[in-house]
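Trainee: Provided herewith: start.cif, mmCIF, C-alpha atoms and all ligand atoms.
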data_run
#
loop_
_atom_site.group_PDB
_atom_site.id
_atom_site.type_symbol
_atom_site.label_atom_id
_atom_site.label_comp_id
_atom_site.auth_asym_id
_atom_site.auth_seq_id
_atom_site.Cartn_x
_atom_site.Cartn_y
_atom_site.Cartn_z
ATOM 1 C CA MET A 1 10.166 1.091 -11.090
ATOM 2 C CA LYS A 2 8.012 -1.705 -12.521
ATOM 3 C CA ILE A 3 6.181 -4.217 -10.364
ATOM 4 C CA CYS A 4 4.095 -7.213 -11.324
ATOM 5 C CA ILE A 5 1.276 -8.116 -8.935
ATOM 6 C CA ASP A 6 -0.181 -11.587 -9.177
ATOM 7 C CA PRO A 7 -3.556 -12.303 -7.552
ATOM 8 C CA GLY A 8 -3.505 -16.083 -7.085
ATOM 9 C CA HIS A 9 -5.944 -18.458 -8.811
ATOM 10 C CA GLY A 10 -9.005 -17.170 -10.746
ATOM 11 C CA GLY A 11 -11.657 -18.512 -13.089
ATOM 12 C CA LYS A 12 -12.104 -22.258 -12.664
ATOM 13 C CA GLN A 13 -9.431 -22.312 -9.955
ATOM 14 C CA PRO A 14 -11.028 -20.899 -6.808
ATOM 15 C CA GLY A 15 -8.069 -21.649 -4.532
ATOM 16 C CA ALA A 16 -9.049 -22.280 -0.922
ATOM 17 C CA VAL A 17 -12.716 -21.961 -0.013
ATOM 18 C CA GLY A 18 -13.732 -21.228 3.572
ATOM 19 C CA THR A 19 -16.858 -22.413 5.407
ATOM 20 C CA LYS A 20 -18.678 -19.237 4.372
ATOM 21 C CA GLY A 21 -18.166 -20.097 0.722
ATOM 22 C CA ILE A 22 -16.082 -17.109 -0.382
ATOM 23 C CA PRO A 23 -13.163 -18.357 -2.499
ATOM 24 C CA GLU A 24 -9.548 -17.294 -2.129
ATOM 25 C CA LYS A 25 -9.490 -16.030 -5.748
ATOM 26 C CA ASP A 26 -11.966 -13.224 -4.894
ATOM 27 C CA ILE A 27 -10.200 -12.151 -1.701
ATOM 28 C CA VAL A 28 -6.721 -11.994 -3.204
ATOM 29 C CA LEU A 29 -7.927 -10.056 -6.255
ATOM 30 C CA LYS A 30 -9.342 -7.321 -3.989
ATOM 31 C CA VAL A 31 -6.097 -7.090 -2.065
ATOM 32 C CA ALA A 32 -3.930 -7.149 -5.203
ATOM 33 C CA LEU A 33 -5.817 -4.232 -6.768
ATOM 34 C CA MET A 34 -5.481 -2.196 -3.567
ATOM 35 C CA VAL A 35 -1.752 -2.932 -3.363
ATOM 36 C CA GLY A 36 -1.401 -1.800 -6.981
ATOM 37 C CA GLU A 37 -3.223 1.475 -6.298
ATOM 38 C CA HIS A 38 -0.905 2.277 -3.409
ATOM 39 C CA LEU A 39 2.142 1.582 -5.562
ATOM 40 C CA GLN A 40 0.776 3.596 -8.482
ATOM 41 C CA ARG A 41 0.320 6.683 -6.343
ATOM 42 C CA HIS A 42 4.025 6.369 -5.542
ATOM 43 C CA GLY A 43 4.847 6.482 -9.249
ATOM 44 C CA VAL A 44 5.330 2.726 -9.758
ATOM 45 C CA ASP A 45 4.309 1.067 -13.066
ATOM 46 C CA ILE A 46 2.039 -1.878 -12.316
ATOM 47 C CA LEU A 47 1.234 -4.976 -14.294
ATOM 48 C CA TYR A 48 -1.440 -7.276 -12.885
ATOM 49 C CA THR A 49 -1.502 -10.890 -14.056
ATOM 50 C CA ARG A 50 -5.282 -10.616 -13.855
ATOM 51 C CA THR A 51 -7.725 -7.853 -12.921
ATOM 52 C CA PHE A 52 -10.913 -9.913 -12.939
ATOM 53 C CA ASP A 53 -12.084 -13.458 -12.369
ATOM 54 C CA GLU A 54 -10.275 -15.334 -15.135
ATOM 55 C CA ASP A 55 -8.126 -18.404 -15.578
ATOM 56 C CA VAL A 56 -4.456 -17.567 -16.031
ATOM 57 C CA SER A 57 -1.901 -20.371 -16.173
ATOM 58 C CA LEU A 58 1.153 -20.199 -13.935
ATOM 59 C CA GLU A 59 3.336 -20.156 -17.051
ATOM 60 C CA LYS A 60 1.439 -17.190 -18.483
ATOM 61 C CA ARG A 61 1.776 -15.295 -15.180
ATOM 62 C CA CYS A 62 5.547 -15.670 -15.261
ATOM 63 C CA ASP A 63 5.746 -14.835 -18.979
ATOM 64 C CA MET A 64 3.809 -11.632 -18.341
ATOM 65 C CA ALA A 65 6.155 -10.553 -15.520
ATOM 66 C CA ASN A 66 9.273 -11.450 -17.523
ATOM 67 C CA THR A 67 8.121 -9.694 -20.707
ATOM 68 C CA PHE A 68 7.172 -6.625 -18.667
ATOM 69 C CA LYS A 69 10.690 -6.780 -17.164
ATOM 70 C CA ALA A 70 9.275 -6.131 -13.716
ATOM 71 C CA ASP A 71 11.738 -5.169 -10.981
ATOM 72 C CA TYR A 72 9.733 -7.215 -8.469
ATOM 73 C CA PHE A 73 7.027 -9.860 -8.583
ATOM 74 C CA ILE A 74 4.524 -10.358 -5.771
ATOM 75 C CA SER A 75 1.969 -13.136 -5.682
ATOM 76 C CA ILE A 76 -0.892 -12.819 -3.186
ATOM 77 C CA HIS A 77 -2.711 -15.800 -1.656
ATOM 78 C CA ALA A 78 -4.786 -16.873 1.324
ATOM 79 C CA ASN A 79 -3.684 -19.927 3.254
ATOM 80 C CA SER A 80 -5.512 -23.127 4.073
ATOM 81 C CA ALA A 81 -4.851 -26.214 6.197
ATOM 82 C CA GLU A 82 -6.630 -29.393 7.300
ATOM 83 C CA ASN A 83 -6.246 -28.301 10.909
ATOM 84 C CA GLN A 84 -8.670 -25.435 11.580
ATOM 85 C CA THR A 85 -6.476 -24.026 14.319
ATOM 86 C CA ALA A 86 -3.593 -23.325 11.904
ATOM 87 C CA ASN A 87 -3.207 -19.552 11.795
ATOM 88 C CA GLY A 88 -0.950 -16.638 10.986
ATOM 89 C CA ILE A 89 0.992 -15.031 8.179
ATOM 90 C CA GLU A 90 3.811 -16.385 6.051
ATOM 91 C CA THR A 91 5.717 -15.244 2.982
ATOM 92 C CA TYR A 92 7.666 -17.375 0.529
ATOM 93 C CA TYR A 93 10.723 -16.586 -1.532
ATOM 94 C CA TYR A 94 12.763 -18.694 -3.900
ATOM 95 C CA ASN A 95 15.570 -20.509 -2.130
ATOM 96 C CA GLY A 96 18.911 -18.857 -2.868
ATOM 97 C CA SER A 97 17.479 -15.518 -3.986
ATOM 98 C CA ASN A 98 18.810 -12.964 -1.551
ATOM 99 C CA ALA A 99 16.828 -10.125 -3.137
ATOM 100 C CA GLY A 100 13.717 -12.292 -2.953
ATOM 101 C CA LEU A 101 14.392 -12.896 0.720
ATOM 102 C CA ILE A 102 14.649 -9.162 1.418
ATOM 103 C CA LEU A 103 11.378 -8.512 -0.431
ATOM 104 C CA ALA A 104 9.634 -11.339 1.429
ATOM 105 C CA ARG A 105 11.035 -10.190 4.774
ATOM 106 C CA ASN A 106 9.845 -6.601 4.312
ATOM 107 C CA ILE A 107 6.345 -7.754 3.331
ATOM 108 C CA GLN A 108 6.235 -10.219 6.212
ATOM 109 C CA GLU A 109 7.354 -7.621 8.780
ATOM 110 C CA GLU A 110 4.833 -5.008 7.672
ATOM 111 C CA THR A 111 1.869 -7.386 7.437
ATOM 112 C CA VAL A 112 2.551 -8.985 10.820
ATOM 113 C CA LYS A 113 2.936 -5.548 12.404
ATOM 114 C CA ALA A 114 -0.296 -4.246 10.839
ATOM 115 C CA SER A 115 -2.404 -7.281 11.778
ATOM 116 C CA GLY A 116 -0.952 -8.524 15.045
ATOM 117 C CA LEU A 117 -1.449 -12.076 13.726
ATOM 118 C CA VAL A 118 0.994 -14.914 14.364
ATOM 119 C CA ASP A 119 4.289 -14.557 12.513
ATOM 120 C CA ARG A 120 4.896 -17.901 10.793
ATOM 121 C CA GLY A 121 8.023 -16.439 9.279
ATOM 122 C CA LEU A 122 9.698 -16.664 5.908
ATOM 123 C CA LYS A 123 9.595 -19.876 3.954
ATOM 124 C CA THR A 124 11.273 -21.204 0.886
ATOM 125 C CA ASN A 125 9.555 -23.549 -1.467
ATOM 126 C CA ASP A 126 9.820 -24.575 -5.066
ATOM 127 C CA LEU A 127 6.703 -22.644 -6.073
ATOM 128 C CA TYR A 128 6.302 -22.174 -9.831
ATOM 129 C CA VAL A 129 5.686 -18.420 -9.898
ATOM 130 C CA ILE A 130 8.620 -17.506 -7.678
ATOM 131 C CA ARG A 131 10.916 -19.960 -9.482
ATOM 132 C CA GLU A 132 10.112 -19.060 -13.103
ATOM 133 C CA THR A 133 10.064 -15.285 -12.715
ATOM 134 C CA ASN A 134 13.381 -13.588 -13.526
ATOM 135 C CA MET A 135 13.127 -10.869 -10.894
ATOM 136 C CA PRO A 136 13.109 -10.967 -7.064
ATOM 137 C CA ALA A 137 9.800 -12.556 -6.163
ATOM 138 C CA ALA A 138 7.692 -13.231 -3.089
ATOM 139 C CA LEU A 139 4.471 -15.111 -2.445
ATOM 140 C CA HIS A 140 2.483 -13.764 0.464
ATOM 141 C CA GLU A 141 -0.140 -15.735 2.390
ATOM 142 C CA LEU A 142 -2.525 -13.214 3.959
ATOM 143 C CA ALA A 143 -4.042 -15.496 6.636
ATOM 144 C CA PHE A 144 -5.854 -18.861 6.879
ATOM 145 C CA LEU A 145 -9.206 -19.130 5.185
ATOM 146 C CA SER A 146 -9.561 -22.499 6.921
ATOM 147 C CA ASN A 147 -9.372 -20.865 10.364
ATOM 148 C CA PRO A 148 -12.799 -19.467 11.403
ATOM 149 C CA LYS A 149 -11.384 -16.349 13.104
ATOM 150 C CA GLU A 150 -9.059 -15.534 10.248
ATOM 151 C CA GLN A 151 -11.795 -16.247 7.710
ATOM 152 C CA ASP A 152 -13.784 -13.427 9.321
ATOM 153 C CA LEU A 153 -10.799 -11.119 8.833
ATOM 154 C CA LEU A 154 -10.419 -12.205 5.216
ATOM 155 C CA LEU A 155 -14.082 -11.333 4.612
ATOM 156 C CA ASN A 156 -13.681 -7.890 6.190
ATOM 157 C CA ASP A 157 -12.885 -5.209 3.600
ATOM 158 C CA LYS A 158 -11.324 -2.884 6.182
ATOM 159 C CA TRP A 159 -8.929 -5.593 7.277
ATOM 160 C CA LEU A 160 -8.046 -6.365 3.653
ATOM 161 C CA ALA A 161 -7.360 -2.662 3.008
ATOM 162 C CA GLN A 162 -5.106 -2.515 6.059
ATOM 163 C CA GLN A 163 -3.147 -5.570 4.887
ATOM 164 C CA ALA A 164 -2.932 -4.245 1.309
ATOM 165 C CA GLU A 165 -1.378 -1.072 2.695
ATOM 166 C CA ALA A 166 1.103 -3.152 4.710
ATOM 167 C CA ILE A 167 2.085 -5.224 1.658
ATOM 168 C CA ALA A 168 2.596 -2.029 -0.360
ATOM 169 C CA LYS A 169 4.754 -0.590 2.439
ATOM 170 C CA GLY A 170 6.931 -3.704 2.428
ATOM 171 C CA ILE A 171 7.402 -3.551 -1.333
ATOM 172 C CA LEU A 172 8.183 0.174 -1.351
ATOM 173 C CA LYS A 173 10.674 -0.247 1.482
ATOM 174 C CA THR A 174 12.457 -2.871 -0.621
ATOM 175 C CA ALA A 175 12.564 -0.450 -3.564
ATOM 176 C CA TYR A 176 13.821 2.418 -1.343
ATOM 177 C CA ILE A 177 10.693 4.467 -1.980
ATOM 178 C CA SER A 178 9.403 6.263 1.104
ATOM 179 C CA TRP A 179 5.821 5.724 2.090
ATOM 180 C CA ILE A 180 3.417 8.622 1.610
ATOM 181 C CA PRO A 181 0.292 8.342 3.759
ATOM 182 C CA GLU A 182 -2.917 8.294 1.800
ATOM 183 C CA LEU A 183 -5.369 11.151 2.093
ATOM 184 C CA ARG A 184 -8.841 9.801 1.602
ATOM 185 C CA GLU A 185 -11.063 11.899 -0.595
ATOM 186 C CA ASP A 186 -14.179 10.354 0.925
ATOM 187 C CA ASP A 187 -13.287 11.921 4.267
ATOM 188 C CA PRO A 188 -14.922 15.376 4.200
ATOM 189 C CA SER A 189 -12.536 16.848 6.750
ATOM 190 C CA MET A 190 -9.746 16.081 4.332
ATOM 191 C CA ILE A 191 -11.114 18.078 1.449
ATOM 192 C CA ASP A 192 -12.431 21.047 3.360
ATOM 193 C CA LYS A 193 -9.074 22.424 4.390
ATOM 194 C CA LEU A 194 -5.522 21.355 3.789
ATOM 195 C CA ILE A 195 -2.326 22.689 5.246
ATOM 196 C CA ILE A 196 0.587 22.623 2.826
ATOM 197 C CA ALA A 197 4.117 22.759 4.169
ATOM 198 C CA SER A 198 7.179 22.745 1.987
ATOM 199 C CA GLY A 199 9.225 20.244 3.937
ATOM 200 C CA ASP A 200 10.704 19.152 7.237
ATOM 201 C CA GLY A 201 11.809 22.662 8.144
ATOM 202 C CA ASP A 202 8.241 23.892 8.146
ATOM 203 C CA MET A 203 6.831 20.976 10.076
ATOM 204 C CA ALA A 204 7.012 22.735 13.450
ATOM 205 C CA ALA A 205 4.848 25.550 12.128
ATOM 206 C CA ALA A 206 2.636 23.088 10.255
ATOM 207 C CA THR A 207 1.987 21.176 13.484
ATOM 208 C CA LEU A 208 0.847 24.390 15.183
ATOM 209 C CA ALA A 209 -1.348 25.112 12.162
ATOM 210 C CA MET A 210 -2.981 21.686 12.528
ATOM 211 C CA TYR A 211 -4.339 22.721 15.924
ATOM 212 C CA GLU A 212 -5.266 26.185 14.781
ATOM 213 C CA TYR A 213 -7.097 25.141 11.599
ATOM 214 C CA LYS A 214 -8.059 21.550 12.512
ATOM 215 C CA ALA A 215 -6.860 20.330 9.147
ATOM 216 C CA PRO A 216 -4.349 17.725 7.983
ATOM 217 C CA VAL A 217 -0.892 18.611 6.716
ATOM 218 C CA ILE A 218 0.423 17.492 3.364
ATOM 219 C CA LEU A 219 3.847 18.215 1.999
ATOM 220 C CA LYS A 220 4.183 20.323 -1.096
ATOM 221 C CA ASP A 221 6.001 17.551 -2.977
ATOM 222 C CA TYR A 222 3.130 15.185 -2.357
ATOM 223 C CA TYR A 223 0.636 17.751 -3.533
ATOM 224 C CA LEU A 224 2.603 18.293 -6.746
ATOM 225 C CA LEU A 225 2.984 14.553 -7.309
ATOM 226 C CA ASN A 226 -0.764 14.030 -7.055
ATOM 227 C CA PRO A 227 -2.369 16.800 -9.121
ATOM 228 C CA GLU A 228 -5.591 14.792 -9.480
ATOM 229 C CA GLY A 229 -6.141 14.081 -5.797
ATOM 230 C CA ASN A 230 -7.102 15.799 -2.581
ATOM 231 C CA LYS A 231 -8.610 19.042 -3.746
ATOM 232 C CA ALA A 232 -9.478 21.391 -0.921
ATOM 233 C CA LYS A 233 -11.758 24.414 -0.656
ATOM 234 C CA GLU A 234 -9.213 26.182 1.461
ATOM 235 C CA TYR A 235 -5.436 25.875 1.640
ATOM 236 C CA ILE A 236 -3.252 27.079 4.447
ATOM 237 C CA VAL A 237 0.219 27.470 2.985
ATOM 238 C CA ILE A 238 3.084 27.553 5.448
ATOM 239 C CA GLY A 239 6.052 29.734 4.502
ATOM 240 C CA GLY A 240 7.608 30.174 1.084
ATOM 241 C CA VAL A 241 6.355 31.813 -2.072
ATOM 242 C CA TRP A 242 4.808 28.763 -3.727
ATOM 243 C CA GLU A 243 1.066 28.318 -3.680
ATOM 244 C CA PRO A 244 -1.393 25.854 -5.194
ATOM 245 C CA SER A 245 -2.980 26.997 -8.436
ATOM 246 C CA GLU A 246 -6.431 25.798 -7.547
ATOM 247 C CA PRO A 247 -9.234 27.778 -9.196
ATOM 248 C CA GLY A 248 -11.764 29.034 -6.684
ATOM 249 C CA ALA A 249 -9.892 27.845 -3.614
ATOM 250 C CA LYS A 250 -9.202 30.203 -0.746
ATOM 251 C CA ILE A 251 -5.528 30.479 0.056
ATOM 252 C CA ILE A 252 -4.249 31.621 3.419
ATOM 253 C CA ARG A 253 -0.524 32.110 3.664
ATOM 254 C CA ILE A 254 1.329 32.060 6.925
ATOM 255 C CA ALA A 255 4.891 33.191 6.450
ATOM 256 C CA GLY A 256 7.363 35.046 8.598
ATOM 257 C CA SER A 257 10.809 36.356 7.851
ATOM 258 C CA ASP A 258 12.201 32.886 8.595
ATOM 259 C CA ARG A 259 10.933 29.524 9.863
ATOM 260 C CA MET A 260 11.079 30.553 13.526
ATOM 261 C CA ASP A 261 9.166 33.700 12.704
ATOM 262 C CA THR A 262 6.538 31.666 10.828
ATOM 263 C CA ALA A 263 6.028 29.433 13.875
ATOM 264 C CA ARG A 264 5.883 32.527 16.116
ATOM 265 C CA LYS A 265 3.110 34.000 13.966
ATOM 266 C CA LEU A 266 1.073 30.847 14.487
ATOM 267 C CA LEU A 267 1.717 30.836 18.225
ATOM 268 C CA ASN A 268 0.458 34.400 18.489
ATOM 269 C CA LYS A 269 -2.738 33.665 16.602
HETATM 270 ZN ZN ZN A 301 -3.503 -19.802 -3.134
#
Represent the structure of the file as structure tokens.
Mentor:
Amino acid sequence: MKICIDPGHGGKQPGAVGTKGIPEKDIVLKVALMVGEHLQRHGVDILYTRTFDEDVSLEKRCDMANTFKADYFISIHANSAENQTANGIETYYYNGSNAGLILARNIQEETVKASGLVDRGLKTNDLYVIRETNMPAALHELAFLSNPKEQDLLLNDKWLAQQAEAIAKGILKTAYISWIPELREDDPSMIDKLIIASGDGDMAAATLAMYEYKAPVILKDYYLLNPEGNKAKEYIVIGGVWEPSEPGAKIIRIAGSDRMDTARKLLNK
């Protein structure tokens, strides 16, 4: 799966500029890079049309996506209007592209749900980057930089991270890739102890283990997919014969003769 992410504007083109002076180009670059990181940890190949503050023509952006043969193209922007009360989220697709509509709809649904902002819905417009790209494309407008309340959101890194996650969820849903929650390595409780369960069948026991060990659960597949991330000092492995090959880590195995027996062992602890 290959996805091209296009942070709008850049260089001499600031895009919209709010009353606090922060330009759209800076905000959308932050969000674009976070979206890309989420997609990369799901195994997606990412091409950014820019990764720093530079001028990139609209033609070049489309050429990059087309040469890369991206499966999807997503352009990220912040909105602006004369009327300061204009607010909410909207996503554009190219008129007549059904796959573009589905992509735009999934991004719109996730971002509205995550933010609680006004749903301005899906729009079609003859925008260069969604017209000249060969793959399903969407252009997402995060919120209005011209609206004082939404400007504050757009200047809040936590809010941007939340919306980046929502955009990534919408894209992955379109590509039929299931969302894997992110474990944050800067959260000490996350790296102290981890419970590893092999799959849905062990989740009952894993849930009991969460209370017993006060640690988060990750699935074995996720652990194997992310060998560089989320190292723990102690692993609690539920069931099975597999165990993490982590030098120096303490490994506690909880396994019964079957899944019921494993859960029973935890209940009796
Ligand atoms: Zn823009």
Trainee: Would you mind telling me which residue in A:Ile238, A:Val118, A:Met210, A:Ala78 lies nearest to Ile22 in chain A when using all atoms listed in the file?
Mentor: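 Selected residue with least distance to Ile22 in chain A: A:Ala78.
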Trainee: In Å, rounded to a single decimal, give me how far CA of Ile177 in chain A is from CA of Ala164 in chain A.
Mentor: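 One can read the CA of Ala164 in chain A to CA of Ile177 in chain A distance as 16.5 Å.
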Trainee: Apply the PyMOL selection byres (((chain A and resi 134) around 12) and not hetatm) to the structure shown and report the selected residues as a PyMOL selection string.
Mentor: chain A and resi 4+61-73+94+97+99-100+128-133+135-138
Trainee: Please check which protein, DNA or RNA residues sit within 7 Å of ligand ZN 301 (chain A), counting all atoms listed in the file, and write them as a PDB file with C-alpha atoms, keeping the file's coordinate frame.
Mentor:
ATOM      1  CA  GLY A   8      -3.505 -16.083  -7.085  1.00  0.00           C
ATOM      2  CA  HIS A   9      -5.944 -18.458  -8.811  1.00  0.00           C
ATOM      3  CA  GLY A  15      -8.069 -21.649  -4.532  1.00  0.00           C
ATOM      4  CA  ALA A  16      -9.049 -22.280  -0.922  1.00  0.00           C
ATOM      5  CA  GLU A  24      -9.548 -17.294  -2.129  1.00  0.00           C
ATOM      6  CA  HIS A  77      -2.711 -15.800  -1.656  1.00  0.00           C
ATOM      7  CA  ALA A  78      -4.786 -16.873   1.324  1.00  0.00           C
ATOM      8  CA  ASN A  79      -3.684 -19.927   3.254  1.00  0.00           C
TER       9      ASN A  79
END
Trainee: Spell out the residues picked by the PyMOL selection byres (((chain A and resi 176) around 12) and not hetatm) here, as a ChimeraX atom specification.
Mentor: /A:1,42,44,102-103,106,169-175,177-179
